[in-house]
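Asker: Just one file: my_file.cif, with mmCIF, C-alpha atoms.
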```cif
data_start
loop_
_atom_site.label_atom_id
_atom_site.label_comp_id
_atom_site.auth_asym_id
_atom_site.auth_seq_id
_atom_site.Cartn_x
_atom_site.Cartn_y
_atom_site.Cartn_z
CA MET N 1196 -15.48 58.94 -27.03
CA ILE N 1197 -12.72 57.00 -25.24
CA GLY N 1198 -14.98 54.41 -23.62
CA GLY N 1199 -18.18 53.88 -21.73
CA TYR N 1200 -20.34 51.37 -19.94
CA VAL N 1201 -23.93 50.18 -19.83
CA HIS N 1202 -26.04 48.08 -17.54
CA PHE N 1203 -29.55 46.74 -17.96
CA ILE N 1204 -32.53 45.74 -15.83
CA ILE N 1205 -34.81 42.80 -16.57
CA ARG N 1206 -38.27 42.96 -15.02
CA TYR N 1207 -40.50 39.91 -15.05
CA GLY N 1208 -44.12 39.15 -14.14
CA TRP N 1209 -46.90 41.61 -13.23
CA ASP N 1210 -49.16 41.72 -10.21
CA HIS N 1211 -52.48 43.19 -11.42
CA LEU N 1212 -53.72 43.80 -7.88
CA VAL N 1213 -50.92 46.18 -6.93
CA HIS N 1214 -49.91 47.12 -10.47
CA LYS N 1215 -46.28 46.17 -9.93
CA GLU N 1216 -43.80 43.74 -11.46
CA LEU N 1217 -43.19 40.54 -9.53
CA GLY N 1218 -39.43 40.90 -9.65
CA SER N 1219 -36.43 42.29 -11.48
CA PHE N 1220 -32.79 41.56 -12.19
CA ALA N 1221 -30.12 44.26 -12.62
CA SER N 1222 -26.88 43.45 -14.41
CA GLY N 1223 -23.45 44.72 -13.50
CA ARG N 1224 -21.61 47.21 -15.66
CA ILE N 1225 -20.44 46.20 -19.11
CA ILE N 1226 -17.43 48.35 -20.03
CA PHE N 1227 -16.46 49.18 -23.60
CA LEU N 1228 -12.91 50.37 -24.36
CA LEU N 1229 -10.96 51.26 -27.44
CA PRO N 1230 -8.12 48.88 -28.40
CA SER N 1231 -4.94 49.36 -26.34
CA THR N 1232 -1.99 50.83 -28.27
CA LYS N 1233 0.71 51.10 -25.56
CA THR N 1234 0.33 47.76 -23.80
CA SER N 1235 -1.00 44.28 -24.44
CA ALA N 1236 -4.69 43.51 -24.05
CA GLU N 1237 -3.95 41.29 -21.03
CA GLN N 1238 -1.96 44.04 -19.29
CA ALA N 1239 -4.68 46.57 -20.09
CA ILE N 1240 -7.32 44.35 -18.51
CA ASP N 1241 -5.14 43.89 -15.40
CA LEU N 1242 -4.74 47.67 -15.08
CA ILE N 1243 -8.47 48.25 -15.39
CA VAL N 1244 -9.39 45.55 -12.89
CA ASN N 1245 -6.79 46.79 -10.40
CA SER N 1246 -8.12 50.32 -10.79
CA LEU N 1247 -11.73 49.26 -10.27
CA VAL N 1248 -11.06 47.18 -7.16
CA GLY N 1249 -8.55 49.61 -5.70
CA ALA N 1250 -5.58 47.25 -5.91
CA GLU N 1251 -2.00 48.41 -6.18
CA LEU N 1252 -0.85 48.98 -9.74
CA ILE N 1253 2.18 46.80 -10.48
CA GLU N 1254 4.09 46.97 -13.70
CA SER N 1255 4.89 43.77 -15.53
CA PRO N 1256 8.49 42.54 -14.96
CA LEU N 1257 10.99 43.56 -17.60
CA ALA N 1258 12.69 40.92 -19.71
CA TRP N 1259 16.10 41.32 -18.04
CA GLU N 1260 14.86 41.14 -14.43
CA ASN N 1261 15.54 37.42 -13.94
CA ARG N 1262 19.14 37.88 -15.08
CA ILE N 1263 19.96 40.16 -12.15
CA ASP N 1264 21.85 38.31 -9.42
CA LEU N 1265 21.27 39.08 -5.74
CA PRO N 1266 23.55 38.36 -2.77
CA GLY N 1267 22.56 35.02 -1.23
CA LEU N 1268 20.16 34.04 -4.03
CA LYS N 1269 22.36 31.20 -5.31
CA GLU N 1270 22.64 29.78 -1.80
CA ILE N 1271 18.86 29.87 -1.37
CA ASN N 1272 18.33 28.11 -4.70
CA ALA N 1273 20.97 25.49 -3.83
CA THR N 1274 19.29 24.83 -0.48
CA ILE N 1275 15.92 24.44 -2.20
CA GLN N 1276 17.42 21.87 -4.59
CA GLU N 1277 18.97 19.95 -1.69
CA LYS N 1278 15.66 19.91 0.15
CA GLU N 1279 13.86 18.73 -2.98
CA LYS N 1280 16.32 15.84 -3.34
CA ALA N 1281 15.93 14.99 0.34
CA LYS N 1282 12.15 15.11 -0.06
CA ASP N 1283 12.29 12.68 -3.00
CA SER N 1284 14.52 10.35 -1.00
CA ILE N 1285 12.19 10.47 2.00
CA ILE N 1286 9.15 9.79 -0.20
CA LYS N 1287 10.86 6.72 -1.70
CA GLU N 1288 11.85 5.53 1.77
CA ILE N 1289 8.26 5.93 3.00
CA GLU N 1290 6.94 4.01 0.00
CA LYS N 1291 9.42 1.20 0.70
CA LEU N 1292 8.41 1.08 4.36
CA GLN N 1293 4.73 1.03 3.41
CA ASN N 1294 5.38 -1.89 1.07
CA ASN N 1295 7.28 -3.73 3.82
CA ARG N 1296 4.43 -3.06 6.22
CA GLU N 1297 1.88 -4.50 3.78
CA ASN N 1298 3.99 -7.63 3.34
CA PHE N 1299 4.46 -7.92 7.09
CA LEU N 1300 0.75 -7.56 7.79
CA LYS N 1301 0.08 -10.50 5.47
CA ILE N 1302 1.48 -12.71 8.24
CA ARG N 1303 -1.85 -12.25 10.00
CA ARG N 1304 -3.44 -14.42 7.31
CA LEU N 1305 -1.53 -17.36 8.75
CA LEU N 1306 -3.89 -17.31 11.72
CA TRP N 1307 -7.21 -17.81 9.97
CA THR N 1308 -6.87 -19.08 6.38
CA LYS N 1309 -6.72 -22.63 5.05
CA GLY N 1310 -6.16 -24.42 1.75
CA THR N 1311 -4.27 -22.68 -1.07
CA PRO N 1312 -4.46 -19.18 0.53
CA LEU N 1313 -2.79 -20.58 3.65
CA GLU N 1314 -0.14 -22.40 1.61
CA ASN N 1315 0.72 -19.19 -0.25
CA ALA N 1316 0.74 -17.18 2.98
CA VAL N 1317 3.20 -19.65 4.52
CA ARG N 1318 5.47 -19.37 1.48
CA ASP N 1319 5.39 -15.56 1.61
CA ALA N 1320 6.04 -15.54 5.36
CA PHE N 1321 9.08 -17.79 5.06
CA LYS N 1322 10.46 -15.63 2.26
CA PHE N 1323 9.87 -12.51 4.34
CA LEU N 1324 11.74 -14.11 7.25
CA GLY N 1325 14.79 -14.88 5.14
CA PHE N 1326 14.11 -18.18 3.35
CA PRO N 1327 13.87 -17.20 -0.34
CA GLU N 1328 14.69 -20.77 -1.37
CA ILE N 1329 11.21 -22.08 -0.47
CA CYS N 1330 9.69 -23.38 -3.70
CA LYS N 1331 7.90 -26.19 -5.54
CA MET N 1332 10.15 -29.06 -6.57
CA ARG N 1333 7.61 -31.65 -7.69
CA GLU N 1334 4.06 -31.79 -9.04
CA ALA N 1335 1.45 -29.44 -7.58
CA ASN N 1336 -0.55 -32.31 -6.05
CA LEU N 1337 2.36 -33.50 -3.90
CA GLU N 1338 4.02 -31.70 -0.97
CA ASP N 1339 3.05 -28.06 -0.54
CA TRP N 1340 6.53 -26.51 -0.46
CA VAL N 1341 10.18 -27.48 -0.16
CA ILE N 1342 13.09 -25.56 1.33
CA ASP N 1343 16.46 -26.34 -0.18
CA PHE N 1344 18.62 -25.84 2.89
CA LYS N 1345 21.76 -23.89 2.02
CA ARG N 1346 23.14 -23.42 5.51
CA VAL N 1347 21.98 -26.60 7.28
CA LYS N 1348 24.35 -29.55 6.96
CA ARG N 1349 22.13 -32.11 8.65
CA TYR N 1350 19.36 -31.93 6.04
CA GLN N 1351 19.19 -31.19 2.33
CA TYR N 1352 15.49 -30.38 2.22
CA GLY N 1353 12.61 -29.36 4.41
CA VAL N 1354 9.32 -30.75 3.09
CA PHE N 1355 6.09 -28.95 3.98
CA GLU N 1356 2.61 -30.26 4.61
CA ILE N 1357 0.33 -27.31 5.51
CA LYS N 1358 -3.11 -27.69 7.06
CA GLY N 1359 -5.68 -25.27 8.39
CA ALA N 1360 -8.62 -26.61 10.39
CA ASP N 1361 -11.67 -25.26 12.20
CA GLN N 1362 -10.90 -27.70 15.01
CA ARG N 1363 -7.81 -29.94 15.22
CA THR N 1364 -5.72 -31.31 12.41
CA SER N 1365 -5.81 -35.07 12.11
CA LEU N 1366 -3.29 -37.86 12.30
CA VAL N 1367 -4.04 -38.47 8.62
CA ASP N 1368 -2.58 -35.02 7.84
CA LEU N 1369 0.57 -35.85 9.78
CA THR N 1370 0.82 -39.19 8.00
CA GLN N 1371 0.68 -37.34 4.68
CA CYS N 1372 3.64 -35.22 5.75
CA ASN N 1373 5.60 -38.35 6.59
CA LYS N 1374 4.70 -39.79 3.19
CA TRP N 1375 6.52 -36.90 1.49
CA VAL N 1376 9.53 -37.52 3.73
CA GLU N 1377 9.63 -41.17 2.66
CA ASP N 1378 9.50 -40.18 -1.02
CA TYR N 1379 12.65 -38.10 -0.68
CA MET N 1380 14.41 -40.67 1.50
CA LEU N 1381 13.87 -43.27 -1.22
CA GLU N 1382 15.84 -40.93 -3.48
CA ASN N 1383 18.64 -40.97 -0.88
CA LYS N 1384 17.94 -37.38 0.19
CA LYS N 1385 18.40 -36.12 3.74
CA VAL N 1386 15.05 -34.56 4.49
CA LYS N 1387 13.04 -33.11 7.38
CA GLY N 1388 9.25 -33.10 7.36
CA ILE N 1389 7.62 -29.85 8.50
CA PHE N 1390 3.96 -30.21 9.43
CA VAL N 1391 2.62 -26.64 9.50
CA THR N 1392 -0.67 -26.37 11.38
CA ASN N 1393 -3.34 -23.71 11.76
CA GLU N 1394 -5.72 -25.37 14.21
CA TYR N 1395 -8.87 -23.73 15.60
CA ARG N 1396 -8.35 -21.09 12.93
CA LEU N 1397 -11.66 -19.27 13.51
CA GLU N 1398 -10.91 -18.54 17.16
CA ASN N 1399 -9.03 -15.50 18.40
CA PRO N 1400 -5.37 -16.59 18.69
CA THR N 1401 -4.77 -14.23 21.60
CA LYS N 1402 -7.15 -16.38 23.64
CA ASN N 1403 -6.38 -19.89 22.42
CA ARG N 1404 -2.68 -19.98 21.62
CA GLN N 1405 -2.03 -22.86 24.00
CA LYS N 1406 -4.79 -24.90 22.38
CA ARG N 1407 -3.44 -24.14 18.91
CA GLU N 1408 0.02 -25.38 19.88
CA HIS N 1409 -1.05 -28.53 21.73
CA PHE N 1410 -0.32 -31.97 20.25
CA GLU N 1411 -0.83 -35.36 21.83
CA GLU N 1412 2.17 -37.37 23.01
CA ASN N 1413 1.54 -40.16 20.51
CA GLU N 1414 1.45 -37.60 17.67
CA ILE N 1415 4.76 -36.08 18.76
CA GLU N 1416 6.39 -39.51 19.09
CA TYR N 1417 5.11 -40.56 15.67
CA ALA N 1418 6.38 -37.35 14.07
CA GLU N 1419 9.83 -37.69 15.62
CA LYS N 1420 10.05 -41.32 14.58
CA GLU N 1421 9.27 -40.38 10.99
CA ARG N 1422 11.66 -37.39 10.95
CA SER N 1423 8.94 -34.78 10.99
CA ALA N 1424 8.21 -31.84 13.27
CA PHE N 1425 5.16 -29.77 14.13
CA TYR N 1426 5.17 -26.08 13.33
CA PRO N 1427 2.06 -24.29 14.63
CA LEU N 1428 1.69 -20.96 12.86
CA THR N 1429 1.39 -19.02 16.10
CA LYS N 1430 5.18 -19.47 16.29
CA PHE N 1431 5.46 -16.68 13.73
CA LEU N 1432 4.13 -14.20 16.24
CA THR N 1433 5.66 -12.42 19.19
CA PRO N 1434 4.38 -14.10 22.37
CA TRP N 1435 1.31 -12.38 23.79
#
```
Would you write out, as structure tokens, the structure that this file holds?

Answerer:
Amino acid sequence: MIGGYVHFIIRYGWDHLVHKELGSFASGRIIFLLPSTKTSAEQAIDLIVNSLVGAELIESPLAWENRIDLPGLKEINATIQEKEKAKDSIIKEIEKLQNNRENFLKIRRLLWTKGTPLENAVRDAFKFLGFPEICKMREANLEDWVIDFKRVKRYQYGVFEIKGADQRTSLVDLTQCNKWVEDYMLENKKVKGIFVTNEYRLENPTKNRQKREHFEENEIEYAEKERSAFYPLTKFLTPW
């Protein structure tokens, strides 16, 4: 005997009215073979399966096959390596662009946040726009941020007071900005107050930009007198 196979049938249930089983299950063939002596067990199984399903019989590659060179093979492999390097470079470039996009999209937060989130968004936006020197120079409960001007001769520092409001910011907020300016002037520092505003923050800025950027004449005169300037956050955006 060089081999053989079996299969079995399982019948279940019995209908006494018709004297017949309710159902049955037939297995596939189970093949028994003697151990292979001229090839490995894995190769023997491949040969049997290929024979049963009618596939083409392919011999396993010989050990020396991969050492045989072919005309043009080196060029193909070199091109593949170049493309792989280019692919890695493109992937890194895409990741960098995606990161830049995420940082850029954060500018939208300037249009609707207030408090600490708005203060941090303003800092990040100024850094993104080329002012990495924006920082804290005094206690956390004083001015929000300070820019140490490196390329502006007229002023040493720009001092920030940042306010977001559901309606308008108040003259009290502007006065607070001027208070920070006075503190630095008393230390004999040349300083410019920057009153950053996010007024009517809950309204769509595409429909109320003019209202967001409007300040009364007396507010503007007071700010100029005290060496401060208004900076509505809609200025960060391309005009609609």

Asker: Taking the file as I've supplied it (selection: the PyMOL selection byres ((chain N and resi 1375-1378) around 10)), which residues are included? Please answer as an MDAnalysis selection string.

Answerer: chainID N and resid 1337:1339 1352:1356 1370:1374 1379:1389 1421:1423

Asker: Those same residues - C-alpha atoms - I'd like them written as a PDB file, in the coordinates of the input.

Answerer:
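Heads up, here's the output in selection.pdb:
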```pdb
ATOM      1  CA  LEU N1337       2.360 -33.500  -3.900  1.00  0.00           C
ATOM      2  CA  GLU N1338       4.020 -31.700  -0.970  1.00  0.00           C
ATOM      3  CA  ASP N1339       3.050 -28.060  -0.540  1.00  0.00           C
ATOM      4  CA  TYR N1352      15.490 -30.380   2.220  1.00  0.00           C
ATOM      5  CA  GLY N1353      12.610 -29.360   4.410  1.00  0.00           C
ATOM      6  CA  VAL N1354       9.320 -30.750   3.090  1.00  0.00           C
ATOM      7  CA  PHE N1355       6.090 -28.950   3.980  1.00  0.00           C
ATOM      8  CA  GLU N1356       2.610 -30.260   4.610  1.00  0.00           C
ATOM      9  CA  THR N1370       0.820 -39.190   8.000  1.00  0.00           C
ATOM     10  CA  GLN N1371       0.680 -37.340   4.680  1.00  0.00           C
ATOM     11  CA  CYS N1372       3.640 -35.220   5.750  1.00  0.00           C
ATOM     12  CA  ASN N1373       5.600 -38.350   6.590  1.00  0.00           C
ATOM     13  CA  LYS N1374       4.700 -39.790   3.190  1.00  0.00           C
ATOM     14  CA  TYR N1379      12.650 -38.100  -0.680  1.00  0.00           C
ATOM     15  CA  MET N1380      14.410 -40.670   1.500  1.00  0.00           C
ATOM     16  CA  LEU N1381      13.870 -43.270  -1.220  1.00  0.00           C
ATOM     17  CA  GLU N1382      15.840 -40.930  -3.480  1.00  0.00           C
ATOM     18  CA  ASN N1383      18.640 -40.970  -0.880  1.00  0.00           C
ATOM     19  CA  LYS N1384      17.940 -37.380   0.190  1.00  0.00           C
ATOM     20  CA  LYS N1385      18.400 -36.120   3.740  1.00  0.00           C
ATOM     21  CA  VAL N1386      15.050 -34.560   4.490  1.00  0.00           C
ATOM     22  CA  LYS N1387      13.040 -33.110   7.380  1.00  0.00           C
ATOM     23  CA  GLY N1388       9.250 -33.100   7.360  1.00  0.00           C
ATOM     24  CA  ILE N1389       7.620 -29.850   8.500  1.00  0.00           C
ATOM     25  CA  GLU N1421       9.270 -40.380  10.990  1.00  0.00           C
ATOM     26  CA  ARG N1422      11.660 -37.390  10.950  1.00  0.00           C
ATOM     27  CA  SER N1423       8.940 -34.780  10.990  1.00  0.00           C
TER      28      SER N1423
END
```

Asker: To verify the selection step, state as a ChimeraX atom specification which residues the PyMOL selection byres ((chain N and resi 1331) around 7) yields on this input.

Answerer: /N:1330,1332-1333,1340-1341

Asker: Mind giving me the straight-line distance from atom CA of N:Ile1342 to atom CA of N:Arg1363 in Å, one decimal?

Answerer: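 Computing it gives 25.5 Å between the two atoms.
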
Asker: With distances taken over all atoms listed in the file, which residue among N:Ala1418, N:Gly1267, N:Ile1204, N:Pro1230 lies nearest N:Gly1218?

Answerer: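 Among N:Ala1418, N:Gly1267, N:Ile1204, N:Pro1230, it is N:Ile1204 that comes nearest to N:Gly1218.
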
Asker: What is the distance, in Å and to one decimal place, between atom CA of N:Arg1396 and atom CA of N:Gln1362?

Answerer: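 About the pair atom CA of N:Arg1396 and atom CA of N:Gln1362: they are 7.4 Å apart.
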
Asker: Mind giving me the straight-line distance from atom CA of N:Tyr1426 to atom CA of N:Phe1390 in Å, one decimal?

Answerer: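 These atoms are spaced 5.8 Å apart.
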
Asker: Please identify all polymer residues lying at most 9 Å from the point (-11.4, -27.4, 11.3) (file coordinates), using all atoms listed in the file, and present the result as a short mmCIF file (atom, residue, chain, number, x, y, z; two decimals) with C-alpha atoms, in the frame of the given file.

Answerer:
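Okay, part.cif is ready:
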```cif
data_model
loop_
_atom_site.label_atom_id
_atom_site.label_comp_id
_atom_site.auth_asym_id
_atom_site.auth_seq_id
_atom_site.Cartn_x
_atom_site.Cartn_y
_atom_site.Cartn_z
CA GLY N 1359 -5.68 -25.27 8.39
CA ALA N 1360 -8.62 -26.61 10.39
CA ASP N 1361 -11.67 -25.26 12.20
CA GLN N 1362 -10.90 -27.70 15.01
CA ARG N 1363 -7.81 -29.94 15.22
CA THR N 1364 -5.72 -31.31 12.41
CA ASN N 1393 -3.34 -23.71 11.76
CA GLU N 1394 -5.72 -25.37 14.21
CA TYR N 1395 -8.87 -23.73 15.60
CA ARG N 1396 -8.35 -21.09 12.93
CA LEU N 1397 -11.66 -19.27 13.51
#
```
